[in-house]
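Enquirer: Contents of upload16.cif (mmCIF, C-alpha atoms, pLDDT in the B column; chains and numbers go by the auth columns) are given next:
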```cif
data_model
loop_
_atom_site.group_PDB
_atom_site.id
_atom_site.type_symbol
_atom_site.label_atom_id
_atom_site.label_comp_id
_atom_site.label_asym_id
_atom_site.label_seq_id
_atom_site.Cartn_x
_atom_site.Cartn_y
_atom_site.Cartn_z
_atom_site.B_iso_or_equiv
_atom_site.auth_seq_id
_atom_site.auth_asym_id
ATOM 1 C CA PHE A 1 21.441 14.869 2.801 47.00 1 A
ATOM 2 C CA ASP A 2 18.108 16.573 3.335 65.00 2 A
ATOM 3 C CA ALA A 3 18.993 17.278 6.977 69.00 3 A
ATOM 4 C CA ARG A 4 22.103 19.151 5.804 73.00 4 A
ATOM 5 C CA THR A 5 19.953 21.226 3.436 76.00 5 A
ATOM 6 C CA LEU A 6 17.604 22.127 6.281 73.00 6 A
ATOM 7 C CA VAL A 7 20.477 23.233 8.504 75.00 7 A
ATOM 8 C CA GLN A 8 21.858 25.349 5.671 78.00 8 A
ATOM 9 C CA LYS A 9 18.434 26.988 5.251 77.00 9 A
ATOM 10 C CA LEU A 10 18.309 27.775 8.989 75.00 10 A
ATOM 11 C CA ARG A 11 21.814 29.240 8.932 76.00 11 A
ATOM 12 C CA ALA A 12 20.978 31.373 5.897 79.00 12 A
ATOM 13 C CA PHE A 13 17.800 32.625 7.567 73.00 13 A
ATOM 14 C CA GLU A 14 19.657 33.304 10.810 71.00 14 A
ATOM 15 C CA SER A 15 22.367 35.341 9.067 74.00 15 A
ATOM 16 C CA SER A 16 19.814 37.287 6.991 73.00 16 A
ATOM 17 C CA SER A 17 17.907 38.158 10.179 66.00 17 A
ATOM 18 C CA SER A 18 20.934 39.582 12.017 65.00 18 A
ATOM 19 C CA ASN A 19 19.765 43.197 11.410 69.00 19 A
ATOM 20 C CA ASP A 20 16.144 42.475 12.347 67.00 20 A
ATOM 21 C CA PRO A 21 15.138 44.006 15.746 66.00 21 A
ATOM 22 C CA ASN A 22 12.903 40.971 16.535 68.00 22 A
ATOM 23 C CA PRO A 23 14.400 37.947 14.742 64.00 23 A
ATOM 24 C CA THR A 24 13.124 35.391 17.259 71.00 24 A
ATOM 25 C CA ALA A 25 9.531 35.262 15.966 71.00 25 A
ATOM 26 C CA LYS A 26 10.628 34.948 12.341 72.00 26 A
ATOM 27 C CA PHE A 27 13.225 32.338 13.266 69.00 27 A
ATOM 28 C CA ASP A 28 10.585 30.339 15.170 77.00 28 A
ATOM 29 C CA ASP A 29 8.321 30.448 12.085 78.00 29 A
ATOM 30 C CA ALA A 30 11.191 29.262 9.885 75.00 30 A
ATOM 31 C CA ILE A 31 11.890 26.397 12.287 78.00 31 A
ATOM 32 C CA GLN A 32 8.221 25.380 12.258 81.00 32 A
ATOM 33 C CA GLN A 33 8.175 25.345 8.452 82.00 33 A
ATOM 34 C CA LEU A 34 11.338 23.251 8.297 77.00 34 A
ATOM 35 C CA MET A 35 9.981 20.834 10.893 78.00 35 A
ATOM 36 C CA GLU A 36 6.867 20.351 8.752 83.00 36 A
ATOM 37 C CA GLU A 37 9.090 19.720 5.732 81.00 37 A
ATOM 38 C CA VAL A 38 11.049 17.087 7.683 79.00 38 A
ATOM 39 C CA ILE A 39 7.823 15.380 8.801 81.00 39 A
ATOM 40 C CA THR A 40 6.436 15.353 5.238 82.00 40 A
ATOM 41 C CA GLN A 41 9.627 13.898 3.799 79.00 41 A
ATOM 42 C CA SER A 42 10.000 11.325 6.569 80.00 42 A
ATOM 43 C CA ASP A 43 6.371 10.208 6.063 82.00 43 A
ATOM 44 C CA HIS A 44 7.189 9.662 2.392 78.00 44 A
ATOM 45 C CA VAL A 45 10.321 7.660 3.251 79.00 45 A
ATOM 46 C CA GLU A 46 8.332 5.574 5.761 82.00 46 A
ATOM 47 C CA SER A 47 5.783 4.828 3.035 80.00 47 A
ATOM 48 C CA LEU A 48 8.541 3.753 0.648 74.00 48 A
ATOM 49 C CA LEU A 49 10.126 1.527 3.299 77.00 49 A
ATOM 50 C CA HIS A 50 6.738 -0.074 3.973 79.00 50 A
ATOM 51 C CA GLU A 51 6.344 -0.699 0.235 74.00 51 A
ATOM 52 C CA LEU A 52 9.836 -2.165 0.046 69.00 52 A
ATOM 53 C CA HIS A 53 9.151 -4.631 2.857 74.00 53 A
ATOM 54 C CA SER A 54 5.567 -5.458 1.837 76.00 54 A
ATOM 55 C CA ASP A 55 4.813 -8.736 0.097 77.00 55 A
ATOM 56 C CA ASP A 56 1.516 -7.427 -1.280 79.00 56 A
ATOM 57 C CA GLY A 57 1.310 -8.665 -4.859 81.00 57 A
ATOM 58 C CA TRP A 58 5.063 -9.132 -5.322 85.00 58 A
ATOM 59 C CA MET A 59 6.324 -12.233 -7.125 87.00 59 A
ATOM 60 C CA LEU A 60 9.811 -13.556 -6.492 89.00 60 A
ATOM 61 C CA ALA A 61 11.832 -13.391 -9.713 88.00 61 A
ATOM 62 C CA LYS A 62 15.263 -14.369 -8.415 88.00 62 A
ATOM 63 C CA ASP A 63 17.214 -14.776 -5.204 90.00 63 A
ATOM 64 C CA LYS A 64 20.889 -15.279 -5.949 88.00 64 A
ATOM 65 C CA SER A 65 24.247 -14.059 -4.656 85.00 65 A
ATOM 66 C CA GLY A 66 22.646 -11.948 -1.930 86.00 66 A
ATOM 67 C CA VAL A 67 20.307 -10.074 -4.301 84.00 67 A
ATOM 68 C CA THR A 68 16.565 -10.678 -4.171 86.00 68 A
ATOM 69 C CA VAL A 69 14.457 -9.418 -7.092 86.00 69 A
ATOM 70 C CA HIS A 70 10.651 -9.198 -7.068 86.00 70 A
ATOM 71 C CA TYR A 71 8.200 -7.892 -9.652 86.00 71 A
ATOM 72 C CA ARG A 72 4.506 -7.180 -9.876 86.00 72 A
ATOM 73 C CA ARG A 73 2.136 -5.922 -12.499 84.00 73 A
ATOM 74 C CA ASP A 74 0.111 -2.895 -11.555 80.00 74 A
ATOM 75 C CA PRO A 75 -3.632 -3.672 -11.743 82.00 75 A
ATOM 76 C CA ASN A 76 -5.370 -2.384 -14.886 84.00 76 A
ATOM 77 C CA SER A 77 -2.056 -1.180 -16.273 81.00 77 A
ATOM 78 C CA PRO A 78 0.660 -2.425 -18.629 77.00 78 A
ATOM 79 C CA ILE A 79 3.270 -1.312 -16.055 75.00 79 A
ATOM 80 C CA HIS A 80 5.455 -3.843 -14.254 76.00 80 A
ATOM 81 C CA THR A 81 7.224 -2.741 -11.089 79.00 81 A
ATOM 82 C CA VAL A 82 10.562 -4.279 -10.131 80.00 82 A
ATOM 83 C CA ARG A 83 12.319 -4.102 -6.787 80.00 83 A
ATOM 84 C CA ALA A 84 15.691 -5.444 -5.794 80.00 84 A
ATOM 85 C CA VAL A 85 17.041 -5.843 -2.273 80.00 85 A
ATOM 86 C CA THR A 86 20.614 -6.427 -1.182 81.00 86 A
ATOM 87 C CA THR A 87 23.008 -5.499 1.601 83.00 87 A
ATOM 88 C CA PHE A 88 26.231 -3.674 0.865 78.00 88 A
ATOM 89 C CA ASP A 89 29.188 -4.222 3.171 83.00 89 A
ATOM 90 C CA ASN A 90 31.677 -1.389 3.768 83.00 90 A
ATOM 91 C CA PHE A 91 29.481 0.998 1.781 81.00 91 A
ATOM 92 C CA SER A 92 30.546 4.641 2.233 83.00 92 A
ATOM 93 C CA PRO A 93 28.291 7.680 1.774 82.00 93 A
ATOM 94 C CA LYS A 94 30.204 8.457 -1.435 82.00 94 A
ATOM 95 C CA ASP A 95 29.452 4.930 -2.711 80.00 95 A
ATOM 96 C CA PHE A 96 25.782 5.459 -1.847 78.00 96 A
ATOM 97 C CA VAL A 97 25.635 8.688 -3.876 78.00 97 A
ATOM 98 C CA ARG A 98 27.269 6.959 -6.846 74.00 98 A
ATOM 99 C CA PHE A 99 24.816 4.061 -6.584 75.00 99 A
ATOM 100 C CA CYS A 100 21.779 6.364 -6.435 76.00 100 A
ATOM 101 C CA SER A 101 23.017 8.318 -9.442 75.00 101 A
ATOM 102 C CA LEU A 102 22.612 5.156 -11.515 70.00 102 A
ATOM 103 C CA PHE A 103 18.859 5.410 -11.079 71.00 103 A
ATOM 104 C CA VAL A 104 18.543 9.191 -11.095 78.00 104 A
ATOM 105 C CA GLU A 105 20.419 9.545 -14.389 81.00 105 A
ATOM 106 C CA THR A 106 17.919 7.596 -16.464 83.00 106 A
ATOM 107 C CA GLU A 107 19.496 8.692 -19.735 83.00 107 A
ATOM 108 C CA CYS A 108 22.697 6.799 -18.753 81.00 108 A
ATOM 109 C CA MET A 109 21.047 3.537 -17.602 79.00 109 A
ATOM 110 C CA HIS A 110 21.781 1.735 -20.882 80.00 110 A
ATOM 111 C CA LEU A 111 25.518 2.320 -20.288 81.00 111 A
ATOM 112 C CA TRP A 112 25.643 0.216 -17.114 75.00 112 A
ATOM 113 C CA PHE A 113 22.702 -2.149 -17.601 75.00 113 A
ATOM 114 C CA PRO A 114 24.056 -5.732 -17.659 72.00 114 A
ATOM 115 C CA GLY A 115 24.445 -7.639 -20.906 76.00 115 A
ATOM 116 C CA GLY A 116 24.114 -4.619 -23.169 78.00 116 A
ATOM 117 C CA VAL A 117 20.450 -5.489 -23.776 80.00 117 A
ATOM 118 C CA MET A 118 19.019 -2.044 -22.971 82.00 118 A
ATOM 119 C CA ASN A 119 18.677 0.340 -25.887 84.00 119 A
ATOM 120 C CA GLY A 120 17.557 3.304 -23.789 84.00 120 A
ATOM 121 C CA ALA A 121 15.148 4.508 -21.131 85.00 121 A
ATOM 122 C CA ASN A 122 12.552 7.277 -20.847 85.00 122 A
ATOM 123 C CA VAL A 123 11.132 8.902 -17.733 87.00 123 A
ATOM 124 C CA LEU A 124 7.340 8.599 -17.978 86.00 124 A
ATOM 125 C CA SER A 125 6.623 10.359 -14.685 85.00 125 A
ATOM 126 C CA TRP A 126 8.581 11.496 -11.677 83.00 126 A
ATOM 127 C CA HIS A 127 6.460 11.342 -8.521 77.00 127 A
ATOM 128 C CA SER A 128 9.124 12.441 -6.037 74.00 128 A
ATOM 129 C CA LYS A 129 12.854 12.335 -5.569 70.00 129 A
ATOM 130 C CA TYR A 130 12.380 8.726 -4.417 67.00 130 A
ATOM 131 C CA SER A 131 9.874 7.464 -6.940 74.00 131 A
ATOM 132 C CA LYS A 132 9.605 7.611 -10.723 79.00 132 A
ATOM 133 C CA VAL A 133 8.207 5.547 -13.568 81.00 133 A
ATOM 134 C CA ILE A 134 10.607 4.734 -16.383 83.00 134 A
ATOM 135 C CA GLN A 135 10.220 2.885 -19.650 83.00 135 A
ATOM 136 C CA LEU A 136 13.117 0.594 -20.527 80.00 136 A
ATOM 137 C CA HIS A 137 13.747 -0.389 -24.152 81.00 137 A
ATOM 138 C CA ILE A 138 15.186 -3.911 -24.104 80.00 138 A
ATOM 139 C CA SER A 139 16.367 -6.081 -26.959 79.00 139 A
ATOM 140 C CA LEU A 140 17.360 -9.634 -25.996 72.00 140 A
ATOM 141 C CA ARG A 141 18.754 -10.400 -29.448 71.00 141 A
ATOM 142 C CA LEU A 142 17.060 -13.780 -29.587 68.00 142 A
ATOM 143 C CA PRO A 143 15.506 -14.825 -32.904 65.00 143 A
ATOM 144 C CA MET A 144 12.204 -15.840 -31.330 60.00 144 A
ATOM 145 C CA VAL A 145 11.772 -12.657 -29.208 58.00 145 A
ATOM 146 C CA SER A 146 11.179 -9.220 -30.696 61.00 146 A
ATOM 147 C CA PRO A 147 12.492 -6.070 -28.947 59.00 147 A
ATOM 148 C CA ARG A 148 10.318 -5.063 -25.976 57.00 148 A
ATOM 149 C CA ASP A 149 9.555 -2.070 -23.835 53.00 149 A
ATOM 150 C CA ALA A 150 9.725 -2.851 -20.132 49.00 150 A
#
```
Using the file provided, produce a representation of the structure as structure tokens.
Expert:
Amino acid sequence: FDARTLVQKLRAFESSSSNDPNPTAKFDDAIQQLMEEVITQSDHVESLLHELHSDDGWMLAKDKSGVTVHYRRDPNSPIHTVRAVTTFDNFSPKDFVRFCSLFVETECMHLWFPGGVMNGANVLSWHSKYSKVIQLHISLRLPMVSPRDA
């Protein structure tokens, strides 16, 4: 999706430069800037993929029905990080966008969270379009466990 955005930016710049007597230099500068943007974003994605495949500090929580869930507690912090890995068969780009929207639309997470145990969620910080910290409000409705923030 980001590649499409970059092409659209180039096309917009190209059409806006049609009356410029020397558009080549400006177009070359625009291309250089976009290439740097691509490199920066791809470095971030590479970092996230490394984190996803790293076993550093992750504890296996569950491996069932093709879904593997790990968690870890961040050092010197009350924050627990959870990651889940699975493979989707016959997954279209439209399905991917719908899936990602589940995590982007934090205010709607309680609507699809399994078991109806989530009371809500708050975004504590949003580091990038790929990484954010959220607080989940979970109530297990068990007499011996009080409601928790996760």
Enquirer: Just the number, please: distance in Å from atom CA of Arg72 of chain A to atom CA of Ala84 of chain A, one decimal.
Expert: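 Separation of atom CA of Arg72 of chain A and atom CA of Ala84 of chain A: 12.0 Å.
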Enquirer: Work out how far atom CA of Glu107 of chain A is from atom CA of Phe88 of chain A, in Å to one decimal.
Expert: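 Those two atoms sit 25.0 Å apart.
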Enquirer: Neighbouring residues of Val69 of chain A were defined as those with any atom within 9 Å, considering only C-alpha atoms; residues of the same chain fewer than 3 positions away were excluded. Please report them as a list of chain:residue names.
Expert: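 Here the qualifying residues turn out to be A:Met59, A:Leu60, A:Ala61, A:Lys62, A:Asp63, A:Lys64, A:Val82, A:Arg83, A:Ala84, A:Val85.
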Enquirer: Hey, what comes out of the PyMOL selection byres ((chain A and resi 121-138) around 12) on this file? Could you write it as a PyMOL selection string?
Expert: chain A and resi 2+40-42+44-49+51-52+74+78-83+100-101+103-111+113-120+139-142+145-150
Enquirer: Using only C-alpha atoms, please write the residues we just selected to a file, as a tab-separated table (two decimals), in the coordinates of the input.
Expert:
```tsv
chain	number	residue	atom	x	y	z
A	2	ASP	CA	18.11	16.57	3.34
A	40	THR	CA	6.44	15.35	5.24
A	41	GLN	CA	9.63	13.90	3.80
A	42	SER	CA	10.00	11.32	6.57
A	44	HIS	CA	7.19	9.66	2.39
A	45	VAL	CA	10.32	7.66	3.25
A	46	GLU	CA	8.33	5.57	5.76
A	47	SER	CA	5.78	4.83	3.04
A	48	LEU	CA	8.54	3.75	0.65
A	49	LEU	CA	10.13	1.53	3.30
A	51	GLU	CA	6.34	-0.70	0.24
A	52	LEU	CA	9.84	-2.16	0.05
A	74	ASP	CA	0.11	-2.90	-11.56
A	78	PRO	CA	0.66	-2.42	-18.63
A	79	ILE	CA	3.27	-1.31	-16.06
A	80	HIS	CA	5.46	-3.84	-14.25
A	81	THR	CA	7.22	-2.74	-11.09
A	82	VAL	CA	10.56	-4.28	-10.13
A	83	ARG	CA	12.32	-4.10	-6.79
A	100	CYS	CA	21.78	6.36	-6.44
A	101	SER	CA	23.02	8.32	-9.44
A	103	PHE	CA	18.86	5.41	-11.08
A	104	VAL	CA	18.54	9.19	-11.10
A	105	GLU	CA	20.42	9.54	-14.39
A	106	THR	CA	17.92	7.60	-16.46
A	107	GLU	CA	19.50	8.69	-19.74
A	108	CYS	CA	22.70	6.80	-18.75
A	109	MET	CA	21.05	3.54	-17.60
A	110	HIS	CA	21.78	1.74	-20.88
A	111	LEU	CA	25.52	2.32	-20.29
A	113	PHE	CA	22.70	-2.15	-17.60
A	114	PRO	CA	24.06	-5.73	-17.66
A	115	GLY	CA	24.44	-7.64	-20.91
A	116	GLY	CA	24.11	-4.62	-23.17
A	117	VAL	CA	20.45	-5.49	-23.78
A	118	MET	CA	19.02	-2.04	-22.97
A	119	ASN	CA	18.68	0.34	-25.89
A	120	GLY	CA	17.56	3.30	-23.79
A	139	SER	CA	16.37	-6.08	-26.96
A	140	LEU	CA	17.36	-9.63	-26.00
A	141	ARG	CA	18.75	-10.40	-29.45
A	142	LEU	CA	17.06	-13.78	-29.59
A	145	VAL	CA	11.77	-12.66	-29.21
A	146	SER	CA	11.18	-9.22	-30.70
A	147	PRO	CA	12.49	-6.07	-28.95
A	148	ARG	CA	10.32	-5.06	-25.98
A	149	ASP	CA	9.56	-2.07	-23.84
A	150	ALA	CA	9.72	-2.85	-20.13
```
Enquirer: What is the atom CA of Ser15 of chain A to atom CA of Ile31 of chain A distance in Å?
Expert: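 Atom-to-atom, atom CA of Ser15 of chain A to atom CA of Ile31 of chain A, that is 14.1 Å.
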Enquirer: Let me have the centre and edge lengths in Å, one decimal, of the box along x, y and z around every listed atom of segment 45-61 of chain A with 3 Å of margin on each side, as AutoDock Vina command-line options.
Expert:
```
--center_x 6.6 --center_y -2.9 --center_z -2.0 --size_x 16.5 --size_y 27.2 --size_z 21.5
```
Enquirer: What would the selection look like, as a ChimeraX atom specification, if the PyMOL selection byres ((chain A and resi 7-9) around 12) were run on the coordinates I just shared?
Expert: /A:1-6,10-16,27,30-31,33-35,37-38
Enquirer: Kindly reconstruct segment 20-45 of chain A with N, CA, C and O atoms and present the result as a JSON list (two decimals), keeping the file's coordinate frame.
Expert:
```json
[["chain", "number", "residue", "atom", "x", "y", "z"],
["A", 20, "ASP", "N", 17.55, 42.38, 11.97],
["A", 20, "ASP", "CA", 16.14, 42.48, 12.35],
["A", 20, "ASP", "C", 16.05, 42.73, 13.86],
["A", 20, "ASP", "O", 16.67, 42.01, 14.64],
["A", 21, "PRO", "N", 15.25, 43.73, 14.31],
["A", 21, "PRO", "CA", 15.14, 44.01, 15.75],
["A", 21, "PRO", "C", 14.44, 42.88, 16.52],
["A", 21, "PRO", "O", 14.66, 42.73, 17.71],
["A", 22, "ASN", "N", 13.59, 42.06, 15.85],
["A", 22, "ASN", "CA", 12.90, 40.97, 16.54],
["A", 22, "ASN", "C", 13.02, 39.69, 15.70],
["A", 22, "ASN", "O", 12.02, 39.21, 15.15],
["A", 23, "PRO", "N", 14.22, 39.12, 15.61],
["A", 23, "PRO", "CA", 14.40, 37.95, 14.74],
["A", 23, "PRO", "C", 13.83, 36.65, 15.32],
["A", 23, "PRO", "O", 13.61, 35.70, 14.59],
["A", 24, "THR", "N", 13.56, 36.63, 16.61],
["A", 24, "THR", "CA", 13.12, 35.39, 17.26],
["A", 24, "THR", "C", 11.82, 34.86, 16.69],
["A", 24, "THR", "O", 11.71, 33.68, 16.38],
["A", 25, "ALA", "N", 10.83, 35.71, 16.49],
["A", 25, "ALA", "CA", 9.53, 35.26, 15.97],
["A", 25, "ALA", "C", 9.67, 34.72, 14.55],
["A", 25, "ALA", "O", 9.12, 33.66, 14.23],
["A", 26, "LYS", "N", 10.43, 35.41, 13.72],
["A", 26, "LYS", "CA", 10.63, 34.95, 12.34],
["A", 26, "LYS", "C", 11.42, 33.64, 12.32],
["A", 26, "LYS", "O", 11.15, 32.76, 11.52],
["A", 27, "PHE", "N", 12.41, 33.56, 13.20],
["A", 27, "PHE", "CA", 13.22, 32.34, 13.27],
["A", 27, "PHE", "C", 12.37, 31.16, 13.73],
["A", 27, "PHE", "O", 12.47, 30.06, 13.19],
["A", 28, "ASP", "N", 11.49, 31.39, 14.70],
["A", 28, "ASP", "CA", 10.58, 30.34, 15.17],
["A", 28, "ASP", "C", 9.66, 29.87, 14.05],
["A", 28, "ASP", "O", 9.40, 28.68, 13.90],
["A", 29, "ASP", "N", 9.16, 30.81, 13.23],
["A", 29, "ASP", "CA", 8.32, 30.45, 12.08],
["A", 29, "ASP", "C", 9.10, 29.61, 11.08],
["A", 29, "ASP", "O", 8.59, 28.63, 10.54],
["A", 30, "ALA", "N", 10.35, 30.02, 10.83],
["A", 30, "ALA", "CA", 11.19, 29.26, 9.88],
["A", 30, "ALA", "C", 11.44, 27.85, 10.40],
["A", 30, "ALA", "O", 11.40, 26.88, 9.63],
["A", 31, "ILE", "N", 11.67, 27.72, 11.70],
["A", 31, "ILE", "CA", 11.89, 26.40, 12.29],
["A", 31, "ILE", "C", 10.64, 25.54, 12.15],
["A", 31, "ILE", "O", 10.73, 24.36, 11.79],
["A", 32, "GLN", "N", 9.48, 26.12, 12.39],
["A", 32, "GLN", "CA", 8.22, 25.38, 12.26],
["A", 32, "GLN", "C", 8.02, 24.88, 10.83],
["A", 32, "GLN", "O", 7.63, 23.74, 10.60],
["A", 33, "GLN", "N", 8.31, 25.74, 9.85],
["A", 33, "GLN", "CA", 8.18, 25.34, 8.45],
["A", 33, "GLN", "C", 9.13, 24.21, 8.11],
["A", 33, "GLN", "O", 8.75, 23.24, 7.43],
["A", 34, "LEU", "N", 10.36, 24.30, 8.58],
["A", 34, "LEU", "CA", 11.34, 23.25, 8.30],
["A", 34, "LEU", "C", 10.97, 21.94, 8.99],
["A", 34, "LEU", "O", 11.16, 20.86, 8.43],
["A", 35, "MET", "N", 10.42, 22.05, 10.19],
["A", 35, "MET", "CA", 9.98, 20.83, 10.89],
["A", 35, "MET", "C", 8.86, 20.15, 10.11],
["A", 35, "MET", "O", 8.86, 18.92, 9.99],
["A", 36, "GLU", "N", 7.94, 20.93, 9.57],
["A", 36, "GLU", "CA", 6.87, 20.35, 8.75],
["A", 36, "GLU", "C", 7.43, 19.69, 7.50],
["A", 36, "GLU", "O", 6.97, 18.62, 7.09],
["A", 37, "GLU", "N", 8.44, 20.30, 6.91],
["A", 37, "GLU", "CA", 9.09, 19.72, 5.73],
["A", 37, "GLU", "C", 9.75, 18.38, 6.08],
["A", 37, "GLU", "O", 9.64, 17.41, 5.34],
["A", 38, "VAL", "N", 10.41, 18.34, 7.23],
["A", 38, "VAL", "CA", 11.05, 17.09, 7.68],
["A", 38, "VAL", "C", 10.00, 16.01, 7.90],
["A", 38, "VAL", "O", 10.17, 14.86, 7.47],
["A", 39, "ILE", "N", 8.89, 16.35, 8.54],
["A", 39, "ILE", "CA", 7.82, 15.38, 8.80],
["A", 39, "ILE", "C", 7.25, 14.86, 7.49],
["A", 39, "ILE", "O", 7.06, 13.66, 7.31],
["A", 40, "THR", "N", 6.98, 15.76, 6.54],
["A", 40, "THR", "CA", 6.44, 15.35, 5.24],
["A", 40, "THR", "C", 7.38, 14.40, 4.52],
["A", 40, "THR", "O", 6.97, 13.35, 4.01],
["A", 41, "GLN", "N", 8.66, 14.76, 4.48],
["A", 41, "GLN", "CA", 9.63, 13.90, 3.80],
["A", 41, "GLN", "C", 9.81, 12.57, 4.51],
["A", 41, "GLN", "O", 9.91, 11.52, 3.87],
["A", 42, "SER", "N", 9.83, 12.59, 5.84],
["A", 42, "SER", "CA", 10.00, 11.32, 6.57],
["A", 42, "SER", "C", 8.77, 10.43, 6.42],
["A", 42, "SER", "O", 8.90, 9.20, 6.35],
["A", 43, "ASP", "N", 7.57, 11.01, 6.33],
["A", 43, "ASP", "CA", 6.37, 10.21, 6.06],
["A", 43, "ASP", "C", 6.49, 9.52, 4.71],
["A", 43, "ASP", "O", 6.13, 8.34, 4.56],
["A", 44, "HIS", "N", 7.02, 10.24, 3.73],
["A", 44, "HIS", "CA", 7.19, 9.66, 2.39],
["A", 44, "HIS", "C", 8.20, 8.52, 2.43],
["A", 44, "HIS", "O", 7.98, 7.46, 1.84],
["A", 45, "VAL", "N", 9.30, 8.71, 3.14],
["A", 45, "VAL", "CA", 10.32, 7.66, 3.25],
["A", 45, "VAL", "C", 9.74, 6.44, 3.98],
["A", 45, "VAL", "O", 9.98, 5.30, 3.58]]
```
